[in-house]
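Data file: entry_38.cif. Format and content: mmCIF, C-alpha atoms.
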```
data_my_file
#
loop_
_atom_site.label_atom_id
_atom_site.label_comp_id
_atom_site.auth_asym_id
_atom_site.auth_seq_id
_atom_site.Cartn_x
_atom_site.Cartn_y
_atom_site.Cartn_z
CA MET A 40 118.53 72.09 45.65
CA ARG A 41 116.61 71.78 48.87
CA LEU A 42 112.88 71.84 48.11
CA VAL A 43 110.04 72.05 50.61
CA VAL A 44 106.56 71.46 49.18
CA VAL A 45 103.97 72.90 51.55
CA THR A 46 100.51 71.42 51.13
CA GLY A 47 97.41 70.61 53.14
CA VAL A 48 93.85 71.76 53.65
CA SER A 49 92.70 75.34 53.32
CA GLY A 50 92.89 77.26 56.57
CA ALA A 51 95.60 75.06 58.08
CA GLY A 52 98.36 77.66 57.79
CA LYS A 53 100.04 77.15 54.42
CA SER A 54 100.45 80.89 53.81
CA THR A 55 102.04 81.32 57.23
CA ALA A 56 104.43 78.45 56.55
CA LEU A 57 105.39 79.85 53.15
CA ARG A 58 106.09 83.31 54.59
CA ALA A 59 108.27 81.71 57.27
CA LEU A 60 110.26 79.89 54.58
CA GLU A 61 110.62 83.13 52.62
CA ASP A 62 111.99 84.84 55.73
CA LEU A 63 114.57 82.03 55.96
CA GLY A 64 115.83 82.84 52.48
CA TYR A 65 113.87 80.30 50.44
CA TYR A 66 112.71 81.19 46.94
CA CYS A 67 108.92 80.84 47.33
CA ALA A 68 105.99 80.33 44.98
CA ASP A 69 102.30 79.79 45.74
CA ASN A 70 99.73 77.66 43.89
CA LEU A 71 102.22 76.10 41.52
CA PRO A 72 100.69 73.57 39.06
CA MET A 73 102.35 70.22 39.69
CA PRO A 74 103.43 69.64 36.03
CA LEU A 75 105.45 72.89 36.20
CA LEU A 76 107.45 71.78 39.25
CA PRO A 77 110.24 70.01 37.28
CA LYS A 78 110.59 73.03 34.96
CA LEU A 79 110.81 75.42 37.92
CA VAL A 80 113.43 73.26 39.64
CA GLU A 81 115.42 73.13 36.42
CA LEU A 82 115.23 76.91 36.07
CA LEU A 83 116.17 77.62 39.67
CA SER A 84 119.07 75.19 39.47
CA THR A 85 120.72 77.48 36.93
CA ARG A 86 120.86 80.29 39.48
CA ALA A 87 123.89 79.95 41.74
CA GLU A 88 122.38 82.20 44.42
CA ILE A 89 119.29 79.99 44.82
CA ASP A 90 119.86 76.69 46.59
CA ARG A 91 116.48 76.17 48.27
CA ALA A 92 112.85 76.79 47.49
CA GLY A 93 109.48 76.61 49.23
CA LEU A 94 106.43 75.84 47.12
CA VAL A 95 102.73 75.64 47.96
CA ILE A 96 100.94 72.98 45.93
CA ASP A 97 97.39 72.13 46.98
CA ALA A 98 93.88 71.29 45.86
CA ARG A 99 93.58 74.50 43.87
CA GLY A 100 95.65 72.65 41.27
CA GLY A 101 92.72 70.34 40.50
CA GLU A 102 93.54 67.88 37.72
CA PHE A 103 97.14 69.13 37.70
CA LEU A 104 97.70 66.95 40.79
CA GLN A 105 97.54 63.82 38.67
CA GLY A 106 100.96 62.26 38.31
CA THR A 107 102.16 63.68 41.63
CA THR A 108 104.01 60.52 42.71
CA ALA A 109 105.96 60.18 39.47
CA ILE A 110 106.88 63.87 39.33
CA LEU A 111 108.23 63.92 42.88
CA ALA A 112 110.13 60.68 42.29
CA ASP A 113 111.79 62.16 39.20
CA ILE A 114 112.90 65.25 41.11
CA ARG A 115 114.42 63.15 43.88
CA ALA A 116 116.10 60.90 41.31
CA ALA A 117 117.73 63.99 39.82
CA GLY A 118 119.54 64.47 43.11
CA HIS A 119 117.44 67.17 44.73
CA SER A 120 116.40 67.05 48.38
CA LEU A 121 112.60 67.20 48.45
CA GLU A 122 110.34 67.22 51.50
CA VAL A 123 106.56 67.42 51.58
CA LEU A 124 105.02 69.20 54.58
CA PHE A 125 101.30 68.50 54.99
CA LEU A 126 99.33 70.87 57.25
CA ASP A 127 95.97 69.83 58.64
CA ALA A 128 93.53 70.67 61.42
CA GLY A 129 90.16 69.51 62.68
CA ASP A 130 87.08 70.57 60.74
CA ASP A 131 85.65 72.61 63.63
CA ILE A 132 88.85 74.62 63.90
CA LEU A 133 89.00 75.18 60.16
CA LEU A 134 85.36 76.26 60.10
CA ARG A 135 86.08 78.79 62.83
CA ARG A 136 89.07 80.14 60.92
CA PHE A 137 87.00 80.54 57.76
CA SER A 138 84.35 82.33 59.79
CA GLU A 139 86.91 84.70 61.29
CA THR A 140 88.52 85.55 57.96
CA ARG A 141 85.26 85.47 55.98
CA ARG A 142 87.01 83.78 53.08
CA ARG A 143 85.35 81.27 50.79
CA HIS A 144 86.63 77.74 50.50
CA PRO A 145 88.30 77.17 47.10
CA LEU A 146 86.25 74.02 46.45
CA SER A 147 82.90 75.17 47.84
CA ASP A 148 81.03 78.46 47.86
CA THR A 149 78.68 77.73 50.76
CA ASP A 150 79.23 74.28 52.29
CA ILE A 151 82.71 74.49 53.80
CA ARG A 152 82.54 70.98 55.30
CA ALA A 153 81.83 69.54 51.84
CA GLY A 154 84.72 71.56 50.47
CA LEU A 155 87.07 70.19 53.12
CA ARG A 156 86.03 66.61 52.33
CA ALA A 157 86.62 67.15 48.62
CA GLU A 158 89.92 68.84 49.34
CA ARG A 159 91.23 65.97 51.46
CA ASP A 160 90.23 63.52 48.71
CA GLN A 161 92.16 65.51 46.12
CA LEU A 162 95.23 65.70 48.36
CA THR A 163 95.45 61.95 49.02
CA LEU A 164 98.57 61.46 46.88
CA LEU A 165 100.37 64.44 48.39
CA ARG A 166 99.55 63.28 51.91
CA GLN A 167 101.00 59.87 51.09
CA GLU A 168 104.20 61.61 49.99
CA ALA A 169 104.39 63.73 53.15
CA SER A 170 107.66 63.82 55.07
CA ALA A 171 105.73 65.36 57.98
CA VAL A 172 102.06 65.87 58.84
CA ILE A 173 101.40 68.66 61.33
CA ASP A 174 98.09 69.35 63.05
CA THR A 175 98.01 73.14 63.39
CA GLY A 176 94.79 73.15 65.39
CA GLY A 177 96.60 73.86 68.64
CA LEU A 178 99.20 76.21 67.14
CA THR A 179 99.10 79.98 67.00
CA VAL A 180 100.53 81.76 63.96
CA HIS A 181 103.67 82.51 65.98
CA LEU A 182 104.12 78.90 67.06
CA LEU A 183 103.70 77.64 63.51
CA ARG A 184 106.29 80.14 62.27
CA ALA A 185 108.67 79.01 65.02
CA LEU A 186 108.14 75.35 64.10
CA ILE A 187 108.94 76.05 60.43
CA GLN A 188 112.06 77.96 61.42
CA GLU A 189 113.17 75.12 63.70
CA ARG A 190 112.78 72.52 60.98
CA TYR A 191 114.01 74.33 57.92
CA GLY A 192 116.22 77.13 59.18
CA GLY A 193 119.49 75.23 59.51
CA ALA A 194 121.97 74.03 56.94
CA GLU A 195 120.79 71.03 54.94
CA ASP A 196 123.41 68.76 56.52
CA ASP A 197 122.39 69.77 60.05
CA LEU A 198 119.86 67.75 61.98
CA ALA A 199 117.39 70.10 63.65
CA VAL A 200 116.17 68.47 66.87
CA THR A 201 113.24 69.88 68.80
CA LEU A 202 112.58 68.72 72.34
CA MET A 203 108.93 69.41 73.10
CA SER A 204 107.21 69.11 76.45
CA PHE A 205 103.47 68.46 76.33
CA GLY A 206 100.50 67.26 78.37
CA PHE A 207 98.87 63.95 77.49
CA LYS A 208 95.50 65.35 78.58
CA TYR A 209 95.70 67.75 75.61
CA GLY A 210 96.62 65.12 73.04
CA LEU A 211 99.74 63.71 71.44
CA PRO A 212 101.78 66.03 69.18
CA THR A 213 101.22 64.74 65.67
CA GLU A 214 104.67 65.90 64.55
CA ALA A 215 106.52 63.79 67.15
CA ASP A 216 109.08 61.25 65.91
CA ILE A 217 109.75 59.93 69.44
CA VAL A 218 107.41 60.15 72.45
CA LEU A 219 108.67 59.73 76.02
CA ASP A 220 106.13 59.29 78.83
CA VAL A 221 107.23 60.67 82.23
CA ARG A 222 103.87 60.40 84.03
CA PHE A 223 105.31 57.71 86.32
CA LEU A 224 107.55 60.28 88.04
CA PRO A 225 106.37 62.04 91.24
CA ASN A 226 104.09 64.93 90.29
CA PRO A 227 104.89 68.42 91.68
CA PHE A 228 101.27 69.39 90.99
CA PHE A 229 100.28 67.64 94.22
CA VAL A 230 102.89 69.49 96.31
CA PRO A 231 101.15 72.63 97.65
CA ASN A 232 104.09 75.02 97.31
CA LEU A 233 104.96 73.72 93.81
CA SER A 234 101.57 73.30 92.16
CA ALA A 235 101.29 76.88 90.88
CA LEU A 236 104.86 76.86 89.55
CA SER A 237 106.18 75.27 86.35
CA GLY A 238 109.18 73.29 85.24
CA GLU A 239 110.93 76.60 84.55
CA ASP A 240 111.14 77.25 88.30
CA GLU A 241 114.18 75.99 90.19
CA ALA A 242 112.12 74.55 93.05
CA VAL A 243 110.27 72.27 90.61
CA VAL A 244 113.51 71.30 88.86
CA THR A 245 115.07 70.31 92.18
CA TYR A 246 112.01 68.30 93.24
CA VAL A 247 111.89 66.35 89.97
CA MET A 248 115.61 65.79 89.49
CA LEU A 249 116.35 64.68 93.07
CA ASN A 250 114.24 61.59 92.53
CA PRO A 251 116.46 58.53 91.77
CA GLU A 252 113.98 57.25 89.19
CA THR A 253 114.23 60.55 87.33
CA ARG A 254 118.00 60.38 87.07
CA ALA A 255 117.88 56.74 85.92
CA PHE A 256 115.23 57.58 83.31
CA VAL A 257 117.13 60.57 81.96
CA ASP A 258 120.32 58.50 81.65
CA LYS A 259 118.51 55.87 79.58
CA ALA A 260 116.64 58.48 77.55
CA GLU A 261 119.92 60.21 76.73
CA GLU A 262 121.34 56.94 75.39
CA LEU A 263 118.21 56.33 73.33
CA LEU A 264 118.22 59.80 71.81
CA LYS A 265 121.89 59.74 70.91
CA LEU A 266 121.42 56.40 69.16
CA SER A 267 118.30 57.67 67.39
CA ILE A 268 119.96 60.91 66.31
CA GLN A 269 122.81 58.99 64.74
CA GLY A 270 120.27 56.83 62.90
CA PHE A 271 118.25 59.84 61.76
CA ARG A 272 121.35 61.47 60.31
CA ARG A 273 122.36 58.26 58.57
CA GLU A 274 118.91 58.07 56.94
CA GLY A 275 119.16 61.69 55.79
CA LYS A 276 116.49 63.22 58.03
CA SER A 277 116.80 66.99 58.37
CA TYR A 278 114.69 67.36 61.52
CA ALA A 279 113.33 65.32 64.40
CA THR A 280 110.87 66.10 67.16
CA VAL A 281 111.20 64.39 70.53
CA ALA A 282 108.05 64.85 72.61
CA ILE A 283 108.22 64.40 76.39
CA GLY A 284 104.82 64.15 78.02
CA CYS A 285 103.44 64.32 81.54
CA THR A 286 99.79 64.73 82.51
CA GLY A 287 99.39 68.46 81.98
CA GLY A 288 102.65 69.55 80.39
CA ARG A 289 103.67 72.13 83.03
CA HIS A 290 106.03 70.37 85.45
CA ARG A 291 107.77 67.04 84.85
CA SER A 292 107.90 67.10 81.05
CA VAL A 293 109.32 70.64 81.06
CA VAL A 294 112.09 69.67 83.47
CA ILE A 295 113.02 66.52 81.54
CA ALA A 296 113.00 68.32 78.16
CA LYS A 297 115.39 70.97 79.49
CA GLU A 298 117.68 68.39 81.12
CA LEU A 299 117.91 66.26 77.97
CA ALA A 300 118.59 69.32 75.80
CA GLN A 301 121.39 70.38 78.14
CA ARG A 302 123.00 66.96 77.96
CA LEU A 303 122.73 66.62 74.18
CA ARG A 304 124.19 70.09 73.61
CA LYS A 305 127.29 69.10 75.59
CA ASP A 306 128.05 66.24 73.20
CA ASP A 307 130.32 67.68 70.48
CA SER A 308 130.03 64.47 68.47
CA LEU A 309 126.40 65.28 67.63
CA PRO A 310 126.29 67.84 64.76
CA LEU A 311 122.82 69.22 65.30
CA SER A 312 120.85 72.34 66.08
CA MET A 313 118.77 72.09 69.23
CA SER A 314 115.60 73.89 70.26
CA ILE A 315 113.11 73.47 73.10
CA ARG A 316 109.39 74.10 72.92
CA HIS A 317 106.92 73.82 75.80
CA ARG A 318 103.55 73.28 74.14
CA ASP A 319 101.25 73.31 77.16
CA ILE A 320 103.18 75.15 79.87
CA GLN A 321 100.77 78.10 79.82
CA ARG A 322 97.71 75.95 80.57
CA THR A 323 96.95 76.70 84.20
CA SER A 324 94.64 73.70 84.80
CA ALA A 325 97.44 71.19 84.22
CA ALA A 326 97.97 68.25 86.59
#
```

Will you turn the file into structure tokens for me?
Amino acid sequence: MRLVVVTGVSGAGKSTALRALEDLGYYCADNLPMPLLPKLVELLSTRAEIDRAGLVIDARGGEFLQGTTAILADIRAAGHSLEVLFLDAGDDILLRRFSETRRRHPLSDTDIRAGLRAERDQLTLLRQEASAVIDTGGLTVHLLRALIQERYGGAEDDLAVTLMSFGFKYGLPTEADIVLDVRFLPNPFFVPNLSALSGEDEAVVTYVMLNPETRAFVDKAEELLKLSIQGFRREGKSYATVAIGCTGGRHRSVVIAKELAQRLRKDDSLPLSMSIRHRDIQRTSAA
């Protein structure tokens, strides 16, 4: 079976992630005690129509989290594919989300910060087991759903590759496996008739791609990504995120992400599903 264990701190989006998995056809269960995980996997394995499951296991399990490492190791040793997705966000963002929803923290009635500290302590073992750690602080519900669908929507033997443009001024994407920095390329932001546009506009594409350094960079980046993709598949990864960053994430990184995606899609020797996400393209103050 393909198993995705969704975990992380309260307010980081675990319910959203689980619903996205359910929409993809995963059998889903919430707040499963860790000792019951092997029994559930054994039960589901007897059902021919169920070949993948999404499970939320978090700090609500309390003492049931003891033995996490051994339990997960046993499931993998039995031949199942198991990934742990850890969702997190900054305390200030989580506090705001709790305020908006008016929900209590499961480990604290009044002091949410204390509850978050205790929660992270309890989840130490699960975080160490994580296949991916995603900071959802900058993600809307819709973006988080899209990210889950990108990573877990394909067949198990497909490699789901996401090319993400972003702006360094807004922080590195925590989910990135490879980061490419294109800030050395000429910046359309400083060209008066291009500044207000984005990398989705043909005038910006032409400006960026006509530069000889751009073409040389993209050629080398294409070689790097093809080599990396082959390695990822050999190691059994099911998804990979390639982040391409410029200063603000509106111009150069968008153009390069689209160009690399176009090139990789043309290569029939790469069995993968490809998606593009522009994290910061809507930020109007980008340089």

Please, which residues in range 52-126 of chain A fall within 8 Å of range 176-200 of chain A when counting all atoms listed in the file, and what is the closest atom pair and distance in Å to one decimal for each, ordered by chain then residue number, as a Markdown table?
```
| residue | atom | partner | partner_atom | distance |
| --- | --- | --- | --- | --- |
| A:Gly52 | CA | A:Val180 | CA | 7.7 |
| A:Thr55 | CA | A:Arg184 | CA | 6.7 |
| A:Ala56 | CA | A:Arg184 | CA | 6.2 |
| A:Ala59 | CA | A:Arg184 | CA | 5.6 |
| A:Leu60 | CA | A:Ile187 | CA | 7.1 |
| A:Leu63 | CA | A:Gly192 | CA | 6.1 |
```

Residues of range 137-191 of chain A within 9 Å of range 107-113 of chain A: nearest atom pair and distance (Å, one decimal) for each, counting all atoms listed in the file, sorted by chain and number, as CSV?
```
residue,atom,partner,partner_atom,distance
A:Leu164,CA,A:Thr107,CA,6.7
A:Leu165,CA,A:Thr107,CA,7.0
A:Gln167,CA,A:Thr108,CA,8.9
A:Glu168,CA,A:Thr108,CA,7.4
```

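Among the candidate residues A:Asp307, A:Asp240, A:Glu139, A:Asp220, the one lying nearest to Gly284 in chain A is A:Asp220, with distances computed using all atoms listed in the file.
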
Per-residue nearest contacts of range 131-242 of chain A to range 92-106 of chain A (12 Å; only C-alpha atoms) as a Markdown table:
```
| residue | atom | partner | partner_atom | distance |
| --- | --- | --- | --- | --- |
| A:His144 | CA | A:Arg99 | CA | 10.1 |
| A:Pro145 | CA | A:Arg99 | CA | 6.7 |
| A:Leu146 | CA | A:Arg99 | CA | 7.8 |
| A:Ser147 | CA | A:Arg99 | CA | 11.4 |
| A:Gly154 | CA | A:Ala98 | CA | 10.3 |
| A:Leu155 | CA | A:Ala98 | CA | 10.0 |
| A:Arg156 | CA | A:Ala98 | CA | 11.2 |
| A:Ala157 | CA | A:Ala98 | CA | 8.8 |
| A:Glu158 | CA | A:Ala98 | CA | 5.8 |
| A:Arg159 | CA | A:Ala98 | CA | 8.2 |
| A:Asp160 | CA | A:Ala98 | CA | 9.0 |
| A:Gln161 | CA | A:Ala98 | CA | 6.0 |
| A:Leu162 | CA | A:Ala98 | CA | 6.3 |
| A:Thr163 | CA | A:Leu104 | CA | 9.9 |
| A:Leu164 | CA | A:Leu104 | CA | 8.2 |
| A:Leu165 | CA | A:Asp97 | CA | 8.4 |
| A:Arg166 | CA | A:Asp97 | CA | 10.4 |
| A:Ile187 | CA | A:Gly93 | CA | 11.2 |
| A:Tyr191 | CA | A:Gly93 | CA | 10.1 |
```

Can you pull out the residues contacting Gly238 in chain A? Cut-off 7 Å, using only C-alpha atoms, and skip same-chain residues under 2 positions away; I want them as a ChimeraX atom specification. /A:240,243-244,289-291,293-294

Could you take the residues named above and write them with C-alpha atoms, as a compact mmCIF listing (two decimals), in the frame of the given file?
```
# COMPACT_ATOMS: atom_id res chain seq x y z
CA ASP A 240 111.14 77.25 88.30
CA VAL A 243 110.27 72.27 90.61
CA VAL A 244 113.51 71.30 88.86
CA ARG A 289 103.67 72.13 83.03
CA HIS A 290 106.03 70.37 85.45
CA ARG A 291 107.77 67.04 84.85
CA VAL A 293 109.32 70.64 81.06
CA VAL A 294 112.09 69.67 83.47
```

Within 12 Å of (104.8, 59.9, 88.2) (file coordinates; only C-alpha atoms), which protein or nucleic acid residues are there? I'd like them as a ChimeraX atom specification. /A:220-229,247,250,252-253,256,284-287,290-292,326

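With all atoms listed in the file taken into account, the protein and nucleic acid residues at most 10 Å from Ala279 in chain A (excluding it and anything under 4 positions from it in its own chain) are Ala171, Glu189, Arg190, Leu198, Ala199, Val200, Thr201, Leu202, Glu214, Ala215, Asp216, Ile217, Ser267, Ile268, Phe271, Arg272 and Met313 of chain A.
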
Residues of the last selection are to be written out with C-alpha atoms, as an mmCIF file, in the coordinates of the input.
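Resulting contents of part32.cif:
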```cif
data_model
loop_
_atom_site.group_PDB
_atom_site.id
_atom_site.type_symbol
_atom_site.label_atom_id
_atom_site.label_comp_id
_atom_site.auth_asym_id
_atom_site.auth_seq_id
_atom_site.Cartn_x
_atom_site.Cartn_y
_atom_site.Cartn_z
ATOM 1 C CA ALA A 171 105.730 65.360 57.980
ATOM 2 C CA GLU A 189 113.170 75.120 63.700
ATOM 3 C CA ARG A 190 112.780 72.520 60.980
ATOM 4 C CA LEU A 198 119.860 67.750 61.980
ATOM 5 C CA ALA A 199 117.390 70.100 63.650
ATOM 6 C CA VAL A 200 116.170 68.470 66.870
ATOM 7 C CA THR A 201 113.240 69.880 68.800
ATOM 8 C CA LEU A 202 112.580 68.720 72.340
ATOM 9 C CA GLU A 214 104.670 65.900 64.550
ATOM 10 C CA ALA A 215 106.520 63.790 67.150
ATOM 11 C CA ASP A 216 109.080 61.250 65.910
ATOM 12 C CA ILE A 217 109.750 59.930 69.440
ATOM 13 C CA SER A 267 118.300 57.670 67.390
ATOM 14 C CA ILE A 268 119.960 60.910 66.310
ATOM 15 C CA PHE A 271 118.250 59.840 61.760
ATOM 16 C CA ARG A 272 121.350 61.470 60.310
ATOM 17 C CA MET A 313 118.770 72.090 69.230
#
```

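Using all atoms listed in the file, the residues found no farther than 7 Å from Thr175 in chain A, other than those of its own chain fewer than 3 positions away, are Ala51, Leu126, Asp127, Ala128 and Leu178 of chain A.
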
What residues come out when you apply the PyMOL selection byres ((chain A and resi 319) around 7) to this file, written as a ChimeraX atom specification? /A:205-206,288-289,317-318,320-322

Taking the file above as input, evaluate the PyMOL selection byres ((chain A and resi 114) around 10) and report the hits as a PDB file with C-alpha atoms, in the frame of the given file.
```pdb
ATOM      1  CA  MET A  40     118.530  72.090  45.650  1.00  0.00           C
ATOM      2  CA  LEU A  42     112.880  71.840  48.110  1.00  0.00           C
ATOM      3  CA  LEU A  76     107.450  71.780  39.250  1.00  0.00           C
ATOM      4  CA  PRO A  77     110.240  70.010  37.280  1.00  0.00           C
ATOM      5  CA  VAL A  80     113.430  73.260  39.640  1.00  0.00           C
ATOM      6  CA  GLU A  81     115.420  73.130  36.420  1.00  0.00           C
ATOM      7  CA  ALA A 109     105.960  60.180  39.470  1.00  0.00           C
ATOM      8  CA  ILE A 110     106.880  63.870  39.330  1.00  0.00           C
ATOM      9  CA  LEU A 111     108.230  63.920  42.880  1.00  0.00           C
ATOM     10  CA  ALA A 112     110.130  60.680  42.290  1.00  0.00           C
ATOM     11  CA  ASP A 113     111.790  62.160  39.200  1.00  0.00           C
ATOM     12  CA  ARG A 115     114.420  63.150  43.880  1.00  0.00           C
ATOM     13  CA  ALA A 116     116.100  60.900  41.310  1.00  0.00           C
ATOM     14  CA  ALA A 117     117.730  63.990  39.820  1.00  0.00           C
ATOM     15  CA  GLY A 118     119.540  64.470  43.110  1.00  0.00           C
ATOM     16  CA  HIS A 119     117.440  67.170  44.730  1.00  0.00           C
ATOM     17  CA  SER A 120     116.400  67.050  48.380  1.00  0.00           C
ATOM     18  CA  LEU A 121     112.600  67.200  48.450  1.00  0.00           C
TER      19      LEU A 121
END
```
